[in-house]
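Engineer: Contents of data.cif (mmCIF, C-alpha atoms) are below:
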```
data_data
loop_
_atom_site.label_atom_id
_atom_site.label_comp_id
_atom_site.auth_asym_id
_atom_site.auth_seq_id
_atom_site.Cartn_x
_atom_site.Cartn_y
_atom_site.Cartn_z
CA MET T 4 -23.39 -6.12 -16.95
CA ASN T 5 -21.49 -2.84 -16.56
CA SER T 6 -17.76 -2.20 -16.45
CA TRP T 7 -17.65 -2.32 -12.63
CA LEU T 8 -19.06 -5.82 -12.59
CA TRP T 9 -16.58 -6.93 -15.26
CA MET T 10 -13.82 -5.67 -13.00
CA VAL T 11 -15.28 -7.68 -10.12
CA ALA T 12 -15.25 -10.77 -12.35
CA VAL T 13 -11.58 -10.22 -13.27
CA LEU T 14 -10.58 -9.71 -9.62
CA ALA T 15 -12.52 -12.82 -8.59
CA ALA T 16 -10.73 -14.82 -11.30
CA LEU T 17 -7.39 -13.53 -10.01
CA LEU T 18 -8.14 -15.10 -6.64
CA VAL T 19 -7.70 -18.59 -8.15
CA PRO T 20 -3.90 -18.41 -8.68
CA LEU T 21 -3.52 -16.87 -5.22
CA LEU T 22 -5.43 -19.80 -3.78
CA GLY T 23 -3.01 -22.11 -5.59
CA VAL T 24 -0.03 -20.34 -3.99
CA ALA T 25 -1.68 -20.42 -0.56
CA VAL T 26 -2.22 -24.16 -0.87
CA ARG T 27 1.03 -25.25 -2.51
CA ALA T 28 3.73 -22.84 -1.30
CA ARG T 29 5.41 -22.81 2.09
CA LEU T 30 3.53 -21.46 5.08
CA LEU T 31 4.75 -17.87 5.16
CA GLU T 32 4.58 -17.53 1.38
CA GLY T 33 0.98 -18.68 1.62
CA VAL T 34 0.38 -15.90 4.13
CA VAL T 35 1.65 -13.37 1.56
CA ALA T 36 -0.85 -14.74 -0.96
CA MET T 37 -3.58 -14.53 1.67
CA GLU T 38 -2.76 -10.87 2.37
CA VAL T 39 -2.98 -9.99 -1.32
CA GLY T 40 -6.20 -11.98 -1.63
CA GLY T 41 -7.77 -10.14 1.30
CA THR T 42 -6.92 -6.74 -0.17
CA MET T 43 -8.21 -7.77 -3.58
CA SER T 44 -11.47 -9.09 -2.12
CA ALA T 45 -12.03 -5.77 -0.33
CA ILE T 46 -11.48 -3.89 -3.62
CA ALA T 47 -13.85 -6.29 -5.40
CA LEU T 48 -16.57 -5.63 -2.81
CA LEU T 49 -16.17 -1.88 -3.25
CA LEU T 50 -16.49 -2.25 -7.03
CA LEU T 51 -19.50 -4.52 -6.53
CA ALA T 52 -21.12 -1.78 -4.43
CA GLU T 53 -20.57 0.73 -7.23
CA GLY T 54 -21.65 -1.72 -9.94
CA THR T 55 -24.90 -2.70 -8.25
CA ASN T 56 -25.40 0.70 -6.55
CA ARG T 57 -25.81 -0.97 -3.17
CA GLN T 58 -23.99 0.79 -0.37
CA PRO T 59 -23.89 -2.15 2.13
CA PHE T 60 -21.31 -3.89 -0.06
CA ALA T 61 -19.00 -0.90 0.50
CA ASP T 62 -19.44 -1.33 4.27
CA LEU T 63 -18.50 -4.98 3.83
CA ALA T 64 -15.40 -3.91 1.91
CA LEU T 65 -14.33 -1.67 4.81
CA ALA T 66 -14.97 -4.41 7.36
CA LEU T 67 -13.03 -6.94 5.28
CA ALA T 68 -10.06 -4.60 4.86
CA ILE T 69 -9.81 -4.03 8.61
CA LEU T 70 -10.41 -7.67 9.58
CA SER T 71 -8.02 -8.95 6.92
CA PHE T 72 -5.31 -6.69 8.33
CA ALA T 73 -5.98 -7.77 11.92
CA GLY T 74 -6.22 -11.43 10.96
CA SER T 75 -2.95 -11.36 9.05
CA LEU T 76 -1.17 -9.72 11.98
CA ALA T 77 -2.57 -12.34 14.35
CA PHE T 78 -1.49 -15.10 11.97
CA LEU T 79 2.02 -13.66 11.73
CA ARG T 80 2.24 -13.35 15.51
CA PHE T 81 1.28 -17.00 15.81
CA LEU T 82 3.85 -18.03 13.21
CA GLU T 83 6.56 -16.09 15.01
CA ARG T 84 6.03 -18.24 18.07
CA ALA T 85 5.32 -21.55 16.35
CA ARG T 86 8.26 -23.82 15.73
CA MET H 12 -14.03 13.78 -19.86
CA ARG H 13 -15.21 12.12 -16.66
CA GLU H 14 -15.76 8.83 -18.49
CA VAL H 15 -12.20 8.88 -19.82
CA VAL H 16 -10.76 9.41 -16.33
CA VAL H 17 -12.93 6.66 -14.85
CA THR H 18 -11.97 4.22 -17.60
CA ALA H 19 -8.27 5.04 -17.17
CA LEU H 20 -8.51 4.45 -13.41
CA GLN H 21 -10.39 1.19 -13.96
CA ILE H 22 -7.72 -0.05 -16.36
CA ALA H 23 -4.99 1.00 -13.92
CA THR H 24 -6.75 -0.95 -11.17
CA ILE H 25 -6.87 -4.14 -13.22
CA VAL H 26 -3.29 -3.78 -14.51
CA LEU H 27 -1.94 -3.27 -10.97
CA ALA H 28 -3.96 -6.22 -9.66
CA VAL H 29 -2.68 -8.49 -12.45
CA LEU H 30 0.89 -7.31 -11.82
CA SER H 31 0.57 -8.00 -8.10
CA VAL H 32 -0.89 -11.47 -8.56
CA ALA H 33 1.65 -12.36 -11.25
CA GLY H 34 4.48 -11.33 -8.93
CA VAL H 35 3.14 -13.32 -6.00
CA VAL H 36 2.62 -16.40 -8.18
CA LEU H 37 5.85 -16.27 -10.22
CA MET H 38 8.42 -15.27 -7.62
CA ARG H 39 10.16 -18.10 -5.80
CA ASP H 40 11.23 -16.53 -2.53
CA GLY H 41 8.92 -15.27 0.22
CA LEU H 42 10.61 -11.87 0.45
CA ASP H 43 10.47 -11.51 -3.33
CA ARG H 44 6.75 -12.26 -3.29
CA LEU H 45 6.29 -9.68 -0.55
CA HIS H 46 7.40 -6.88 -2.87
CA TYR H 47 4.34 -7.49 -5.02
CA THR H 48 1.83 -6.76 -2.26
CA ALA H 49 2.39 -3.01 -2.72
CA PRO H 50 0.78 -2.71 -6.19
CA MET H 51 -2.43 -4.17 -4.75
CA ALA H 52 -2.72 -1.31 -2.24
CA LEU H 53 -2.17 1.11 -5.12
CA ALA H 54 -4.88 -0.73 -7.07
CA GLY H 55 -7.20 -0.02 -4.13
CA VAL H 56 -6.40 3.69 -4.37
CA CYS H 57 -7.09 3.66 -8.12
CA ALA H 58 -10.39 1.81 -7.57
CA GLY H 59 -11.40 4.27 -4.86
CA ALA H 60 -10.52 7.21 -7.08
CA ALA H 61 -12.53 5.71 -9.95
CA VAL H 62 -15.58 5.29 -7.70
CA CYS H 63 -15.23 8.86 -6.40
CA VAL H 64 -14.87 10.34 -9.88
CA GLN H 65 -17.84 8.33 -11.17
CA GLY H 66 -20.27 9.01 -8.32
CA GLY H 67 -19.02 12.27 -6.86
CA PRO H 68 -19.80 12.90 -3.20
CA SER H 69 -21.88 9.89 -2.16
CA LEU H 70 -22.00 7.24 0.55
CA ILE H 71 -20.10 4.76 -1.60
CA GLY H 72 -17.59 7.47 -2.50
CA THR H 73 -16.96 8.14 1.20
CA ARG H 74 -16.41 4.43 1.76
CA ALA H 75 -14.07 4.35 -1.23
CA ILE H 76 -11.91 7.11 0.26
CA LEU H 77 -11.89 5.34 3.63
CA LEU H 78 -10.95 2.02 2.03
CA ALA H 79 -8.12 3.62 0.06
CA ALA H 80 -6.80 5.26 3.24
CA ILE H 81 -6.98 1.97 5.15
CA LEU H 82 -5.19 0.06 2.39
CA LEU H 83 -2.50 2.73 2.07
CA GLY H 84 -1.97 2.76 5.82
CA THR H 85 -2.02 -0.96 6.51
CA ALA H 86 -0.06 -2.31 3.51
CA PRO H 87 3.40 -1.12 4.69
CA VAL H 88 2.72 -2.29 8.26
CA LEU H 89 1.68 -5.72 7.03
CA ALA H 90 4.65 -5.99 4.67
CA HIS H 91 7.03 -5.06 7.47
CA ALA H 92 5.50 -7.55 9.91
CA THR H 93 5.58 -10.32 7.32
CA ALA H 94 9.19 -9.62 6.37
CA ARG H 95 10.20 -9.64 10.02
CA THR H 96 8.49 -12.97 10.61
CA ILE H 97 10.13 -14.52 7.53
CA HIS H 98 13.52 -13.20 8.64
CA GLU H 99 13.15 -14.47 12.21
CA ARG H 100 12.04 -17.91 11.10
CA ARG H 101 14.97 -18.15 8.71
CA GLU H 102 17.42 -17.15 11.41
CA ARG H 103 15.90 -19.67 13.80
CA GLU H 104 15.97 -22.45 11.20
CA GLY H 105 19.52 -21.52 10.22
CA GLY H 106 20.69 -21.49 13.83
CA ALA H 107 18.95 -24.72 14.77
#
```
Here is a file; write its structure as structure tokens.

Structural biologist:
Amino acid sequence: MNSWLWMVAVLAALLVPLLGVAVRARLLEGVVAMEVGGTMSAIALLLLAEGTNRQPFADLALALAILSFAGSLAFLRFLERAR
Amino acid sequence: MREVVVTALQIATIVLAVLSVAGVVLMRDGLDRLHYTAPMALAGVCAGAAVCVQGGPSLIGTRAILLAAILLGTAPVLAHATARTIHERREREGGA
């Protein structure tokens, strides 16, 4: 297990407290945790690509970064309208 | 020399990620939590730089640069949109 994969393990472990915030905090504060979690997952996928030397994981990281951004914006738009 | 730079960037990535998560978890207010989304984008830049320094010009390195650019570009937009939504909901709830 190289240093890149150790970093992936640390980032994956850091997702747990964010999940706790997303579940327990108020709605919009959960969205903040979700945004940070999406960014961190994209970084973890990039590091996984480097650690395993498999380029498709880096493509997944790019796709996740873009979709996480679009999904968060859509979620926020919905929350703006919801009462 | 390259190993030292890569290790430093890796450590910076982890430190920034821990700082960001700690801020989001420990802060009480939504707008306070929002401030701690910025270090995560910077962590992405550090991770991308570490990958580029390690592998040089490669397919993964290209993706790393793209990912860093996307994170740097989208993080402020997302923070602004989130802050606006929080503000509008508070005004609505306060006025109701």

Engineer: Please enumerate the residues selected by the PyMOL selection byres ((chain T) within 7 of (chain H)) when evaluated against the supplied file, formatted as a list in words.

Structural biologist: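 That expression, the PyMOL selection byres ((chain T) within 7 of (chain H)), corresponds here to Leu17, Pro20, Leu21, Val24, Leu31, Glu32, Val35, Ala36, Val39, Thr42, Met43, Ile46, Leu49, Glu53, Gln58, Ala61, Asp62, Leu65, Phe72, Leu76, Leu79 and Glu83 of chain T.
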
Engineer: Between atom CA of T:Ala15 and atom CA of T:Ala52, what is the spacing in Å?

Structural biologist: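 Going from atom CA of T:Ala52 over to atom CA of T:Ala15, I get 14.6 Å.
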
Engineer: State, in Å with one decimal place, the distance from atom CA of T:Ser75 to atom CA of T:Gly40.

Structural biologist: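 Separation of atom CA of T:Ser75 and atom CA of T:Gly40: 11.2 Å.
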
Engineer: With distances taken over all atoms listed in the file, which of T:Ala77, T:Ala68, T:Val19, T:Ala85 is nearest to T:Ala45?

Structural biologist: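 Among the listed residues, the smallest separation from T:Ala45 belongs to T:Ala68.
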
Engineer: Give me, please, the distance in Å between atom CA of T:Met4 and atom CA of T:Met37, quoted to one decimal.

Structural biologist: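 Taking atom CA of T:Met4 as the start and atom CA of T:Met37 as the end point, the length is 28.5 Å.
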
Engineer: Which one is closest to T:Gly33: T:Leu63, T:Leu70, T:Leu82, T:Leu8? Count all atoms listed in the file.

Structural biologist: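 Result for the nearest residue to T:Gly33: T:Leu82.
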
Engineer: Which residue out of T:Gly41, T:Val13, T:Trp7, T:Ala64 has the minimum interatomic distance to H:Val26 when only C-alpha atoms are used?

Structural biologist: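 Comparing T:Gly41, T:Val13, T:Trp7, T:Ala64 against H:Val26, the winner is T:Val13.
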
Engineer: So which one's closest to H:Leu20, H:Arg101, H:His91, H:Ile76, H:Leu53? Using only C-alpha atoms, please.

Structural biologist: H:Leu53

Engineer: With all atoms listed in the file as the basis for distance, which of T:Phe60, T:Ala66, T:Ser71, T:Ala16 is at the shortest distance from T:Leu48?

Structural biologist: T:Phe60
